[in-house]
Amino acid sequence: MVWCSAGFCVALFMLLAAHHSGAQPPRVIEVVAGHDSRYKIAGQKKAVITVHAGEPIALRITAIKAMEQNRSGAVHSFSLLRAKDKSPVPGWDFELKPDTQEFALTAPAEPGEYIVVCTVICSLDHEEMQMRFVVLP
């Protein structure tokens, strides 16, 4: 019998798949969606995620409850929009429940500026919950 938490199983699967294919494992990017309605990345004063077009990544997001949560129990979200027209990027809209969740993704193929926004009304400062996401060629 094998036991593992969801996040550990995803990470183990990605590591084994990368080893089997000879490819590098996805880069893990750790983000905190904080109780103060801010995205944070350790070591950065103003959180920015920078990736290469088509790069495989693993987003490990720890969500901490702010003042509110929606009916499904989500306390924040992580939604990626194109900066130029605010259009959503398909497959990049995640509701975040309290605790740590991991998402295996491929960076957008189109280089440019993107914005991460929270779509859960999490507090009075909800409108300020944004972060830059840069896709390099």
# chains A, B, ... in the order shown; residues from 1 in each chain; ligands from 1

call {"tool": "residues_around", "arguments": {"residues": "A:Ile61", "least_positions_apart": "5", "cutoff": "6 Å", "atoms": "only C-alpha atoms", "output": "PyMOL selection string"}}
result
chain A and resi 30-32+100-101

call {"tool": "write_last_selection", "arguments": {"atoms": "N, CA, C and O atoms", "output": "short mmCIF file (atom, residue, chain, number, x, y, z; two decimals), in the first residue's frame"}}
result
data_model
loop_
_atom_site.label_atom_id
_atom_site.label_comp_id
_atom_site.auth_asym_id
_atom_site.auth_seq_id
_atom_site.Cartn_x
_atom_site.Cartn_y
_atom_site.Cartn_z
N GLU A 30 7.27 28.90 -5.53
CA GLU A 30 6.47 28.95 -4.30
C GLU A 30 5.90 30.34 -4.11
O GLU A 30 6.63 31.33 -4.16
N VAL A 31 4.58 30.39 -3.91
CA VAL A 31 3.85 31.65 -3.76
C VAL A 31 3.00 31.55 -2.51
O VAL A 31 2.44 30.49 -2.22
N VAL A 32 2.89 32.65 -1.78
CA VAL A 32 1.95 32.74 -0.66
C VAL A 32 0.87 33.74 -1.05
O VAL A 32 1.17 34.85 -1.49
N THR A 100 -1.70 24.44 1.38
CA THR A 100 -0.81 24.45 0.23
C THR A 100 -1.34 23.53 -0.86
O THR A 100 -1.71 22.40 -0.59
N GLN A 101 -1.37 24.05 -2.08
CA GLN A 101 -1.78 23.29 -3.24
C GLN A 101 -0.71 23.42 -4.30
O GLN A 101 -0.02 24.42 -4.36
#

call {"tool": "closest_residue", "arguments": {"among": "A:Lys65, A:His52, A:Arg132, A:Arg27", "to": "A:Asp99", "atoms": "only C-alpha atoms"}}
result
A:Lys65

call {"tool": "residues_around", "arguments": {"residues": "stretch 103-105 of chain A", "least_positions_apart": "5", "cutoff": "7 Å", "atoms": "only C-alpha atoms", "output": "list of chain:residue names"}}
result
A:Pro56, A:Ile57, A:Ala58, A:Leu59, A:Arg60

call {"tool": "select_by_dssp", "arguments": {"residues": "chain A", "states": "helix (DSSP H, G or I)", "output": "MDAnalysis selection string"}}
result
chainID A and resid 6:21 126:128

call {"tool": "select_by_dssp", "arguments": {"residues": "chain A", "states": "strand (DSSP E or B)", "output": "PyMOL selection string"}}
result
chain A and resi 27-33+39-40+48-52+56-63+76-82+88-96+99-106+112-117+130-136

call {"tool": "atom_distance", "arguments": {"atom1": "atom CA of A:Met131", "atom2": "atom CA of A:Pro108"}}
result
16.0 Å

call {"tool": "atom_distance", "arguments": {"atom1": "atom CA of A:Leu80", "atom2": "atom CA of A:Asp93"}}
result
6.5 Å

call {"tool": "closest_residue", "arguments": {"among": "A:Ser37, A:Thr106, A:Gln24, A:Gln130", "to": "A:Gln69", "atoms": "only C-alpha atoms"}}
result
A:Ser37

call {"tool": "atom_distance", "arguments": {"atom1": "atom CA of A:Ala74", "atom2": "atom CA of A:Gly112"}}
result
28.9 Å

call {"tool": "closest_residue", "arguments": {"among": "A:Gly54, A:Lys97, A:Pro111, A:Lys84", "to": "A:Gly34", "atoms": "only C-alpha atoms"}}
result
A:Lys97

call {"tool": "residues_around", "arguments": {"residues": "A:Ala66", "least_positions_apart": "2", "cutoff": "8 Å", "atoms": "only C-alpha atoms", "output": "PDB file with N, CA, C and O atoms, in the first residue's frame"}}
result
ATOM      1  N   GLY A  34      -1.506  35.683   0.844  1.00  0.00           N
ATOM      2  CA  GLY A  34      -1.542  35.990   2.271  1.00  0.00           C
ATOM      3  C   GLY A  34      -2.848  36.495   2.831  1.00  0.00           C
ATOM      4  O   GLY A  34      -3.761  36.905   2.112  1.00  0.00           O
ATOM      5  N   HIS A  35      -2.897  36.499   4.162  1.00  0.00           N
ATOM      6  CA  HIS A  35      -4.065  37.004   4.884  1.00  0.00           C
ATOM      7  C   HIS A  35      -4.247  38.500   4.687  1.00  0.00           C
ATOM      8  O   HIS A  35      -5.329  39.041   4.903  1.00  0.00           O
ATOM      9  N   ASP A  36      -3.197  39.186   4.227  1.00  0.00           N
ATOM     10  CA  ASP A  36      -3.266  40.622   3.970  1.00  0.00           C
ATOM     11  C   ASP A  36      -3.645  40.921   2.515  1.00  0.00           C
ATOM     12  O   ASP A  36      -3.497  42.038   2.040  1.00  0.00           O
ATOM     13  N   SER A  37      -4.158  39.900   1.810  1.00  0.00           N
ATOM     14  CA  SER A  37      -4.576  40.039   0.405  1.00  0.00           C
ATOM     15  C   SER A  37      -3.425  40.517  -0.477  1.00  0.00           C
ATOM     16  O   SER A  37      -3.562  41.448  -1.266  1.00  0.00           O
ATOM     17  N   ILE A  64      -3.638  31.621   2.648  1.00  0.00           N
ATOM     18  CA  ILE A  64      -3.957  31.927   4.044  1.00  0.00           C
ATOM     19  C   ILE A  64      -5.202  32.792   4.059  1.00  0.00           C
ATOM     20  O   ILE A  64      -5.266  33.810   3.367  1.00  0.00           O
ATOM     21  N   GLU A  68     -12.560  37.067   4.239  1.00  0.00           N
ATOM     22  CA  GLU A  68     -13.714  36.391   3.643  1.00  0.00           C
ATOM     23  C   GLU A  68     -13.293  35.141   2.884  1.00  0.00           C
ATOM     24  O   GLU A  68     -12.128  34.927   2.606  1.00  0.00           O
ATOM     25  N   GLN A  69     -14.293  34.344   2.523  1.00  0.00           N
ATOM     26  CA  GLN A  69     -14.096  33.218   1.623  1.00  0.00           C
ATOM     27  C   GLN A  69     -15.377  33.043   0.831  1.00  0.00           C
ATOM     28  O   GLN A  69     -16.430  33.537   1.232  1.00  0.00           O
ATOM     29  N   VAL A  75     -10.394  30.839  -0.365  1.00  0.00           N
ATOM     30  CA  VAL A  75     -10.052  32.079   0.333  1.00  0.00           C
ATOM     31  C   VAL A  75      -9.357  33.075  -0.592  1.00  0.00           C
ATOM     32  O   VAL A  75      -9.290  34.263  -0.293  1.00  0.00           O
ATOM     33  N   CYS A 122     -11.733  38.653  -1.081  1.00  0.00           N
ATOM     34  CA  CYS A 122     -11.098  38.118   0.117  1.00  0.00           C
ATOM     35  C   CYS A 122     -11.020  39.114   1.270  1.00  0.00           C
ATOM     36  O   CYS A 122     -10.890  38.708   2.421  1.00  0.00           O
ATOM     37  N   SER A 123     -11.089  40.412   0.980  1.00  0.00           N
ATOM     38  CA  SER A 123     -11.015  41.440   2.023  1.00  0.00           C
ATOM     39  C   SER A 123     -11.292  42.800   1.395  1.00  0.00           C
ATOM     40  O   SER A 123     -11.509  42.904   0.189  1.00  0.00           O
TER      41      SER A 123
END

call {"tool": "decode", "arguments": {"residues": "stretch 79-122 of chain A", "atoms": "N, CA and C atoms", "output": "PDB file, in the first residue's frame"}}
result
ATOM      1  N   SER A  79      -5.496  33.773 -10.862  1.00  0.00           N
ATOM      2  CA  SER A  79      -6.013  33.862 -12.230  1.00  0.00           C
ATOM      3  C   SER A  79      -5.048  34.685 -13.066  1.00  0.00           C
ATOM      4  N   LEU A  80      -4.623  34.116 -14.197  1.00  0.00           N
ATOM      5  CA  LEU A  80      -3.646  34.779 -15.057  1.00  0.00           C
ATOM      6  C   LEU A  80      -4.356  35.481 -16.206  1.00  0.00           C
ATOM      7  N   LEU A  81      -4.044  36.775 -16.370  1.00  0.00           N
ATOM      8  CA  LEU A  81      -4.621  37.601 -17.437  1.00  0.00           C
ATOM      9  C   LEU A  81      -3.508  38.184 -18.287  1.00  0.00           C
ATOM     10  N   ARG A  82      -3.782  38.382 -19.572  1.00  0.00           N
ATOM     11  CA  ARG A  82      -2.840  39.097 -20.437  1.00  0.00           C
ATOM     12  C   ARG A  82      -2.877  40.569 -20.043  1.00  0.00           C
ATOM     13  N   ALA A  83      -1.730  41.182 -19.840  1.00  0.00           N
ATOM     14  CA  ALA A  83      -1.679  42.581 -19.394  1.00  0.00           C
ATOM     15  C   ALA A  83      -2.254  43.536 -20.434  1.00  0.00           C
ATOM     16  N   LYS A  84      -2.038  43.236 -21.733  1.00  0.00           N
ATOM     17  CA  LYS A  84      -2.435  44.179 -22.776  1.00  0.00           C
ATOM     18  C   LYS A  84      -3.943  44.350 -22.905  1.00  0.00           C
ATOM     19  N   ASP A  85      -4.721  43.296 -22.658  1.00  0.00           N
ATOM     20  CA  ASP A  85      -6.179  43.415 -22.841  1.00  0.00           C
ATOM     21  C   ASP A  85      -6.992  42.805 -21.700  1.00  0.00           C
ATOM     22  N   LYS A  86      -6.320  42.353 -20.658  1.00  0.00           N
ATOM     23  CA  LYS A  86      -6.958  41.756 -19.468  1.00  0.00           C
ATOM     24  C   LYS A  86      -7.758  40.488 -19.784  1.00  0.00           C
ATOM     25  N   SER A  87      -7.451  39.840 -20.919  1.00  0.00           N
ATOM     26  CA  SER A  87      -8.154  38.600 -21.262  1.00  0.00           C
ATOM     27  C   SER A  87      -7.549  37.438 -20.473  1.00  0.00           C
ATOM     28  N   PRO A  88      -8.384  36.498 -20.029  1.00  0.00           N
ATOM     29  CA  PRO A  88      -7.882  35.376 -19.234  1.00  0.00           C
ATOM     30  C   PRO A  88      -7.081  34.386 -20.077  1.00  0.00           C
ATOM     31  N   VAL A  89      -6.104  33.758 -19.453  1.00  0.00           N
ATOM     32  CA  VAL A  89      -5.312  32.713 -20.093  1.00  0.00           C
ATOM     33  C   VAL A  89      -5.990  31.384 -19.757  1.00  0.00           C
ATOM     34  N   PRO A  90      -6.447  30.648 -20.769  1.00  0.00           N
ATOM     35  CA  PRO A  90      -7.139  29.376 -20.506  1.00  0.00           C
ATOM     36  C   PRO A  90      -6.279  28.411 -19.676  1.00  0.00           C
ATOM     37  N   GLY A  91      -6.927  27.775 -18.700  1.00  0.00           N
ATOM     38  CA  GLY A  91      -6.244  26.800 -17.856  1.00  0.00           C
ATOM     39  C   GLY A  91      -5.461  27.395 -16.702  1.00  0.00           C
ATOM     40  N   TRP A  92      -5.571  28.716 -16.521  1.00  0.00           N
ATOM     41  CA  TRP A  92      -4.820  29.404 -15.469  1.00  0.00           C
ATOM     42  C   TRP A  92      -5.759  30.139 -14.518  1.00  0.00           C
ATOM     43  N   ASP A  93      -6.774  29.472 -14.020  1.00  0.00           N
ATOM     44  CA  ASP A  93      -7.706  30.069 -13.063  1.00  0.00           C
ATOM     45  C   ASP A  93      -7.964  29.050 -11.965  1.00  0.00           C
ATOM     46  N   PHE A  94      -7.345  29.262 -10.805  1.00  0.00           N
ATOM     47  CA  PHE A  94      -7.406  28.295  -9.717  1.00  0.00           C
ATOM     48  C   PHE A  94      -8.008  28.914  -8.463  1.00  0.00           C
ATOM     49  N   GLU A  95      -9.013  28.258  -7.894  1.00  0.00           N
ATOM     50  CA  GLU A  95      -9.511  28.658  -6.577  1.00  0.00           C
ATOM     51  C   GLU A  95      -8.576  28.060  -5.545  1.00  0.00           C
ATOM     52  N   LEU A  96      -8.259  28.843  -4.527  1.00  0.00           N
ATOM     53  CA  LEU A  96      -7.310  28.419  -3.500  1.00  0.00           C
ATOM     54  C   LEU A  96      -8.013  28.280  -2.161  1.00  0.00           C
ATOM     55  N   LYS A  97      -8.033  27.090  -1.648  1.00  0.00           N
ATOM     56  CA  LYS A  97      -8.572  26.845  -0.307  1.00  0.00           C
ATOM     57  C   LYS A  97      -7.420  26.960   0.679  1.00  0.00           C
ATOM     58  N   PRO A  98      -7.718  27.146   1.966  1.00  0.00           N
ATOM     59  CA  PRO A  98      -6.626  27.277   2.942  1.00  0.00           C
ATOM     60  C   PRO A  98      -5.698  26.068   2.900  1.00  0.00           C
ATOM     61  N   ASP A  99      -4.406  26.311   2.920  1.00  0.00           N
ATOM     62  CA  ASP A  99      -3.362  25.300   2.926  1.00  0.00           C
ATOM     63  C   ASP A  99      -2.540  25.418   1.646  1.00  0.00           C
ATOM     64  N   THR A 100      -1.705  24.435   1.382  1.00  0.00           N
ATOM     65  CA  THR A 100      -0.810  24.454   0.226  1.00  0.00           C
ATOM     66  C   THR A 100      -1.338  23.532  -0.863  1.00  0.00           C
ATOM     67  N   GLN A 101      -1.367  24.052  -2.078  1.00  0.00           N
ATOM     68  CA  GLN A 101      -1.783  23.287  -3.240  1.00  0.00           C
ATOM     69  C   GLN A 101      -0.706  23.416  -4.300  1.00  0.00           C
ATOM     70  N   GLU A 102      -0.574  22.390  -5.137  1.00  0.00           N
ATOM     71  CA  GLU A 102       0.437  22.427  -6.185  1.00  0.00           C
ATOM     72  C   GLU A 102      -0.233  22.187  -7.531  1.00  0.00           C
ATOM     73  N   PHE A 103       0.187  22.963  -8.530  1.00  0.00           N
ATOM     74  CA  PHE A 103      -0.373  22.895  -9.867  1.00  0.00           C
ATOM     75  C   PHE A 103       0.756  22.680 -10.861  1.00  0.00           C
ATOM     76  N   ALA A 104       0.679  21.605 -11.651  1.00  0.00           N
ATOM     77  CA  ALA A 104       1.658  21.323 -12.702  1.00  0.00           C
ATOM     78  C   ALA A 104       1.174  22.018 -13.965  1.00  0.00           C
ATOM     79  N   LEU A 105       1.990  22.935 -14.495  1.00  0.00           N
ATOM     80  CA  LEU A 105       1.577  23.784 -15.609  1.00  0.00           C
ATOM     81  C   LEU A 105       2.682  23.920 -16.642  1.00  0.00           C
ATOM     82  N   THR A 106       2.303  24.444 -17.788  1.00  0.00           N
ATOM     83  CA  THR A 106       3.248  24.865 -18.804  1.00  0.00           C
ATOM     84  C   THR A 106       3.051  26.363 -18.984  1.00  0.00           C
ATOM     85  N   ALA A 107       4.140  27.118 -18.924  1.00  0.00           N
ATOM     86  CA  ALA A 107       4.059  28.576 -19.084  1.00  0.00           C
ATOM     87  C   ALA A 107       3.427  28.910 -20.435  1.00  0.00           C
ATOM     88  N   PRO A 108       2.725  30.044 -20.507  1.00  0.00           N
ATOM     89  CA  PRO A 108       2.151  30.449 -21.797  1.00  0.00           C
ATOM     90  C   PRO A 108       3.210  30.480 -22.896  1.00  0.00           C
ATOM     91  N   ALA A 109       2.797  30.154 -24.106  1.00  0.00           N
ATOM     92  CA  ALA A 109       3.711  30.120 -25.251  1.00  0.00           C
ATOM     93  C   ALA A 109       4.040  31.518 -25.758  1.00  0.00           C
ATOM     94  N   GLU A 110       3.181  32.482 -25.473  1.00  0.00           N
ATOM     95  CA  GLU A 110       3.369  33.842 -25.968  1.00  0.00           C
ATOM     96  C   GLU A 110       4.161  34.685 -24.965  1.00  0.00           C
ATOM     97  N   PRO A 111       5.378  35.115 -25.331  1.00  0.00           N
ATOM     98  CA  PRO A 111       6.149  35.980 -24.434  1.00  0.00           C
ATOM     99  C   PRO A 111       5.409  37.299 -24.196  1.00  0.00           C
ATOM    100  N   GLY A 112       5.646  37.881 -23.026  1.00  0.00           N
ATOM    101  CA  GLY A 112       5.055  39.176 -22.724  1.00  0.00           C
ATOM    102  C   GLY A 112       4.718  39.325 -21.256  1.00  0.00           C
ATOM    103  N   GLU A 113       3.974  40.396 -20.988  1.00  0.00           N
ATOM    104  CA  GLU A 113       3.563  40.731 -19.628  1.00  0.00           C
ATOM    105  C   GLU A 113       2.167  40.173 -19.346  1.00  0.00           C
ATOM    106  N   TYR A 114       2.038  39.571 -18.177  1.00  0.00           N
ATOM    107  CA  TYR A 114       0.770  39.040 -17.689  1.00  0.00           C
ATOM    108  C   TYR A 114       0.550  39.574 -16.282  1.00  0.00           C
ATOM    109  N   ILE A 115      -0.670  39.422 -15.794  1.00  0.00           N
ATOM    110  CA  ILE A 115      -1.005  39.849 -14.442  1.00  0.00           C
ATOM    111  C   ILE A 115      -1.722  38.700 -13.750  1.00  0.00           C
ATOM    112  N   VAL A 116      -1.322  38.422 -12.509  1.00  0.00           N
ATOM    113  CA  VAL A 116      -2.041  37.461 -11.674  1.00  0.00           C
ATOM    114  C   VAL A 116      -2.992  38.273 -10.809  1.00  0.00           C
ATOM    115  N   VAL A 117      -4.256  37.875 -10.777  1.00  0.00           N
ATOM    116  CA  VAL A 117      -5.256  38.559  -9.954  1.00  0.00           C
ATOM    117  C   VAL A 117      -5.997  37.541  -9.104  1.00  0.00           C
ATOM    118  N   CYS A 118      -6.573  38.024  -8.029  1.00  0.00           N
ATOM    119  CA  CYS A 118      -7.440  37.218  -7.171  1.00  0.00           C
ATOM    120  C   CYS A 118      -8.880  37.556  -7.537  1.00  0.00           C
ATOM    121  N   THR A 119      -9.688  36.537  -7.813  1.00  0.00           N
ATOM    122  CA  THR A 119     -11.085  36.758  -8.182  1.00  0.00           C
ATOM    123  C   THR A 119     -12.044  36.436  -7.038  1.00  0.00           C
ATOM    124  N   VAL A 120     -11.509  36.046  -5.886  1.00  0.00           N
ATOM    125  CA  VAL A 120     -12.330  35.814  -4.697  1.00  0.00           C
ATOM    126  C   VAL A 120     -12.294  37.095  -3.880  1.00  0.00           C
ATOM    127  N   ILE A 121     -13.454  37.632  -3.559  1.00  0.00           N
ATOM    128  CA  ILE A 121     -13.497  38.848  -2.733  1.00  0.00           C
ATOM    129  C   ILE A 121     -13.028  38.451  -1.337  1.00  0.00           C
ATOM    130  N   CYS A 122     -11.733  38.653  -1.081  1.00  0.00           N
ATOM    131  CA  CYS A 122     -11.098  38.118   0.117  1.00  0.00           C
ATOM    132  C   CYS A 122     -11.020  39.114   1.270  1.00  0.00           C
TER     133      CYS A 122
END
